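Working notes, structure below.
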Amino acid sequence: MSVLAELKQRHVAATETLNALKAKLKQKRLLLLDTDVAGYARSQGKTPVTFGPTDLVCCRTLQGHTGKVYSLDWTPEKNRIVSASQDGRLIVWNALTSQKTHAIKLPCAWVMTCAFSPGGQSVACGGLDSVCSIFNLNSPNDKDGNLPVSRMLTGHKGYVSSCQYVPDEETHLITASGDQTCVLWDITTGLKTSVFGGEFQSGHTGDVLRYVTYLFSAFTNVYLEMISAAFLASMFVLGFSVSINGSNSRMFVSSSCDSTVRLWDTRVASRAVRSFHGHEGDVNTVRFFPDGNRFGTGSDDGTCRLFDIRTGHQLQEYSRPHGENEVPHVTSIAFSISGRLLFAGYTMVIAMYGTLYWQRYVVFFSEWCFNSYRPSTVMNVYMYDALFTFQLKFLNQQVVLNLGSLQTSHYGRISCLGLSGDGSALCTGSWDTSLKVSCDL
């Protein structure tokens, strides 16, 4: 037997042993997981949260974009919102007056993500150009009346799908990319501080967002071949791919189309602290729970899940009924400030029509809201009380609130959502080019 054949045989044997140990460890962990969030809620006598028609109402409509809204973020003090759109602009809004304070023309129109700095003095964005651009909102406009780029963070080899400032730090930011890496940047120098994933075996093995092979332009009849997902991903699947722990800013989680979530420590970039499995499709979005000990995910498999970073256990799974060929993709999630509410944005394509779903569950720590869109109809938002009905049947559910009956709902698919820092307002961005702020959550 040759040396190479022997090495291959040893590698196969080692892989089998490793997989057997992983399966054994999984079984041991399952034995320790004697309940879930719903079961604990029942044992503690928790009662469902109820909503009335005036408990969640649209108090502001922000209009100014001329293209589909892809991403949004709030300032920590809740009075401003930044949004990124297909029109190639960032707009900074006064959420209290609905007025635009800045309209920033971007170097690259194919934008996928945007974020406010902790102090609200700068905004960041990224997209198909593989660059994260930083804008200082206090800088004077250039001779053409545009706000200049104050810093360009270059180094990714794929599209930038997500960016988030490190809490309480104006000079550090984390990006996630289609090159299967996350990067911690020093904005002052424009240099990489740490790279997570990539050549390291514990990193992601797939892009943060999904692939497409080509895009056809109906206006120019030109094929743009091998676009690496950013534009169409923002049309079909656009969610946050990194989330930094608000309680310990050294820890963050990243999600990927390899169906996993990785927990990272910024002090040790060489390998992930823990990997979380369970989803059966691309994990499009991830958000830390307010206490920093858990995080939520949303996936192409149509489910949202709640994980504990200390034990590695999945605490709860949230799913809605669907047909065999009608799995709705979760594109964005957000927790209320107390953690009692989990808002999930859905999208799915059925017979060439796009549908966005939100649904609400009351499960002690989490509730889930539901929203559906069909062409030529008003956007409907339904709320269901499902604390004790996890094997869902529409006939067994009670409709608590139908926001779609209001005249203030979106007329296009909701592509992104976010909660204000104090938890008092929910903002949604839509294909109808507008953003809506709903208050009194």
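Chains: A, B, ... in order of the structure tokens. Residues: from 1 per chain. Ligands: from 1, in order shown.
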Original post:
Which of range 12-150 of chain A counts as strand (DSSP E) under DSSP, as a VMD selection string please?
Top reply: chain A and resid 57 to 62 69 to 74 80 to 85 89 to 94 100 to 105 111 to 116 122 to 127 131 to 136
**OP:** Considering only C-alpha atoms, return as a list in words whatever protein or nucleic-acid residues lie within 9 Å of Pro148 in chain A, sequence-local ones (same chain, fewer than 2 positions apart) excluded.
**Re:** Ile104, Lys105, Phe135, Asn136, Ser139, Pro140, Asn141, Asp142, Asn146 and Ser150 of chain A
Mind dumping the selected residues with C-alpha atoms as a compact mmCIF listing (two decimals), in the first residue's frame?
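Once written, again_5.txt looks like this:
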```txt
# COMPACT_ATOMS: atom_id res chain seq x y z
CA ILE A 104 -25.96 60.27 0.63
CA LYS A 105 -25.10 59.22 -2.92
CA PHE A 135 -19.44 58.48 6.09
CA ASN A 136 -18.95 61.12 8.77
CA SER A 139 -18.27 66.40 7.25
CA PRO A 140 -19.00 69.23 4.79
CA ASN A 141 -20.38 68.32 1.35
CA ASP A 142 -18.06 68.28 -1.62
CA ASN A 146 -22.47 65.04 -1.91
CA SER A 150 -14.41 59.44 5.08
```
Subject >> Top pick for closest residue to Phe116 in chain A, considering A:Val57, A:Val166, A:Ala272, A:Ile309 and counting only C-alpha atoms >> reply: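 Smallest separation from Phe116 in chain A among the options: A:Val166.
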